[in-house]
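What follows is one structure encoded as structure tokens, with my remarks underneath.
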Amino acid sequence: MFHDMGQTPRMGSGSSSPGPSSMMAMNMGLGHLGLDPSVRMPMGSHRPIIGDLKGGEEELFLKMGDCFSLLCVEGDGYLYSEGFIDRGCKLQCIGKRRVVPPHFTECVFRIVPRYKYDAQNALSEALDRLSRSRASIGSGSIVASYPAGGSGGSLNGNSTPMTGEDEDMILRELQEAERVEQNENVSEYLRMASKPITYGQVVQLRQVTSGKFVTVTVKEVADLEKHCLRVGLDDDGNEGSAFVITPRYKIRSEGENVHMGDQILLTSKKYGMFLHVSQLAFPSGQKEVNASPLPTSWRVIPYAPYRP
């Protein structure tokens, strides 16, 4: 529902094939992580990068709009989701050879500001009360609603029945407010793009392949650890999509820039739980990623910088 706003880069956009000097720096970065730089990558894929490709002239910070991956330090794998058929978040393990996983772009996320969802929530609540869908707004197929307290709902705050036209008028106003809110979110993203991310900042993570947001779902428990909340991808995001970035160790403090390669904790702003990797695994061997009172340390691995 959000505009593309450059958040889901096409292959080859802002991520051209690296030259020899860049490849050397990438390989050095992989060695730093314990990954085997001699392993051949799938065609068209990218290696994650650690370190400054300019040769250390300046420190490399995580910036708004950057694409990056999250490597779980304890679990030896990357935050991952298939994103379409299966929207659940898992850990794509790198195995004993510590090889970068295939389809690595499914492990890549773009960092964006915390979006506003007030208008989206208002429209969704109104549609739920009326048992309507977004597609029905303005369709002319709804003749009348029921009074509040009857078998349907009312949007006018009293028991007076509403006609289908009255409902549509209010829903169109809510839909327009949602559109304005989305445009404001786009403007805020563009305003903040390329600015360094600091500890204590609230952000959202948007998968580049699907355009969906990493989200804590309060209405569903995790599949494997039933005392935890489910984490998956949501089309538009919601209040459960906002995470606070905090340092894993005291060598960094709130307000400092987040460095590439830092170990961080991600805490749900809404629910106060950590983005966490379970010790339990699915039959595929992938570990479950959920929201838990127990922290998991993630290392920030750069993939591609923000491009206007």
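Simple scheme: letters A, B, ... for chains in structure tokens order, numbers from 1 for residues in each chain, numbers from 1 for ligands in the order shown.
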- prompt: If you run DSSP on the backbone, which residues of stretch 65-247 of chain A are strand (DSSP E), as a PyMOL selection string?
  reply: chain A and resi 67-72+77-80+90-93+109-113+202-207+213-221+229-234+243-247
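Proximity of A:Val214, A:Ala222, A:Ser253, A:Tyr115 to A:Asn183, computed with only C-alpha atoms, is greatest for A:Tyr115.
Taking atom CA of A:Gln279 as the reference point, atom CA of A:Gln92 is found at 13.2 Å.
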- request: Give me the residues within 7 Å of A:Gln201 as a list in words, counting only C-alpha atoms and dropping any in the same chain fewer than 3 places off.
  value: Ile197, Thr198, Val244 and Ile245 of chain A
Just write the chosen residues, all heavy atoms, as a PDB file, in the first residue's frame.
```pdb
ATOM      1  N   ILE A 197      22.042   6.398  11.566  1.00  0.00           N
ATOM      2  CA  ILE A 197      21.158   5.832  12.580  1.00  0.00           C
ATOM      3  C   ILE A 197      21.875   5.885  13.924  1.00  0.00           C
ATOM      4  O   ILE A 197      23.067   5.569  14.007  1.00  0.00           O
ATOM      5  CB  ILE A 197      20.789   4.375  12.235  1.00  0.00           C
ATOM      6  CG1 ILE A 197      20.111   4.297  10.854  1.00  0.00           C
ATOM      7  CG2 ILE A 197      19.886   3.774  13.308  1.00  0.00           C
ATOM      8  CD1 ILE A 197      18.792   5.026  10.757  1.00  0.00           C
ATOM      9  N   THR A 198      21.175   6.279  14.963  1.00  0.00           N
ATOM     10  CA  THR A 198      21.779   6.371  16.291  1.00  0.00           C
ATOM     11  C   THR A 198      21.119   5.390  17.253  1.00  0.00           C
ATOM     12  O   THR A 198      19.953   5.005  17.067  1.00  0.00           O
ATOM     13  CB  THR A 198      21.657   7.795  16.853  1.00  0.00           C
ATOM     14  OG1 THR A 198      20.261   8.164  16.921  1.00  0.00           O
ATOM     15  CG2 THR A 198      22.393   8.797  15.981  1.00  0.00           C
ATOM     16  N   VAL A 244      13.292  -0.493  18.600  1.00  0.00           N
ATOM     17  CA  VAL A 244      14.312   0.402  19.158  1.00  0.00           C
ATOM     18  C   VAL A 244      15.671  -0.288  19.034  1.00  0.00           C
ATOM     19  O   VAL A 244      15.815  -1.456  19.396  1.00  0.00           O
ATOM     20  CB  VAL A 244      14.029   0.723  20.637  1.00  0.00           C
ATOM     21  CG1 VAL A 244      15.072   1.706  21.182  1.00  0.00           C
ATOM     22  CG2 VAL A 244      12.622   1.284  20.812  1.00  0.00           C
ATOM     23  N   ILE A 245      16.654   0.433  18.505  1.00  0.00           N
ATOM     24  CA  ILE A 245      18.009  -0.106  18.390  1.00  0.00           C
ATOM     25  C   ILE A 245      18.804   0.265  19.632  1.00  0.00           C
ATOM     26  O   ILE A 245      18.929   1.445  19.967  1.00  0.00           O
ATOM     27  CB  ILE A 245      18.728   0.445  17.147  1.00  0.00           C
ATOM     28  CG1 ILE A 245      17.963   0.075  15.874  1.00  0.00           C
ATOM     29  CG2 ILE A 245      20.156  -0.084  17.076  1.00  0.00           C
ATOM     30  CD1 ILE A 245      18.642   0.555  14.603  1.00  0.00           C
TER      31      ILE A 245
END
```
Of the listed residues A:Val186, A:Leu224, A:Leu62, A:Leu70, that which approaches A:Leu266 most closely, counting only C-alpha atoms: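 Among A:Val186, A:Leu224, A:Leu62, A:Leu70, it is A:Leu70 that comes nearest to A:Leu266.
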- request: Write out as a PyMOL selection string all residues of stretch 131-298 of chain A that backbone DSSP assigns to helix (DSSP H, G or I).
  value: chain A and resi 134-136+164-192+239-241
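Among the candidates A:Ile85, A:Ile137, A:Val112, A:Ala291, the one nearest to A:Glu220 when counting only C-alpha atoms is A:Ala291.
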task: Take atom CA of A:Ser210 and atom CA of A:Phe84 and report the distance between them in Å, one decimal.
output: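 Computing the Euclidean distance for atom CA of A:Ser210 and atom CA of A:Phe84 yields 7.0 Å.
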query: Using only C-alpha atoms, which residues sit within 10 Å of A:Phe109 once same-chain residues fewer than 6 positions away are excluded, as a list in words?
result: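 Counting only the stated atoms, we get Gln7, Thr8, Gly65, Asp66, Cys67, Phe68, Ser69, Leu70, Leu79, Tyr80, Gln204, Leu205, Arg206, Gln207, Val208, Thr209, Ser210, Gly211, Lys212, Phe213, Val214, Pro302, Tyr303 and Ala304 of chain A.
Neighbours of A:Glu82 closer than or equal to 7 Å, with only C-alpha atoms counted and sequence neighbours fewer than 4 positions away skipped, come out as Asp86, Arg87 and Glu106 of chain A.
Atom pair atom CA of A:Met273 / atom CA of A:His259: separated by 23.1 Å.
Each of A:Val108, A:Glu184, A:Asp168, A:Pro101 was compared to A:Ser133 using only C-alpha atoms, and A:Asp168 turns out to be the nearest.
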- request: List the neighbours of A:Ala193 out to 10 Å using only C-alpha atoms; skip same-chain residues closer than 3 positions along the sequence, and give me the result as a ChimeraX atom specification.
  value: /A:63-66,111-113,187-190,196-197,306-308
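Nearest-residue note for A:Val300: choosing from A:Pro283, A:Gly255, A:Pro247, A:Gly272, the minimum distance belongs to A:Pro247, counting only C-alpha atoms.
Among the candidates A:Gly138, A:Arg114, A:Ile301, A:Asn185, the one nearest to A:Phe243 when counting only C-alpha atoms is A:Arg114.
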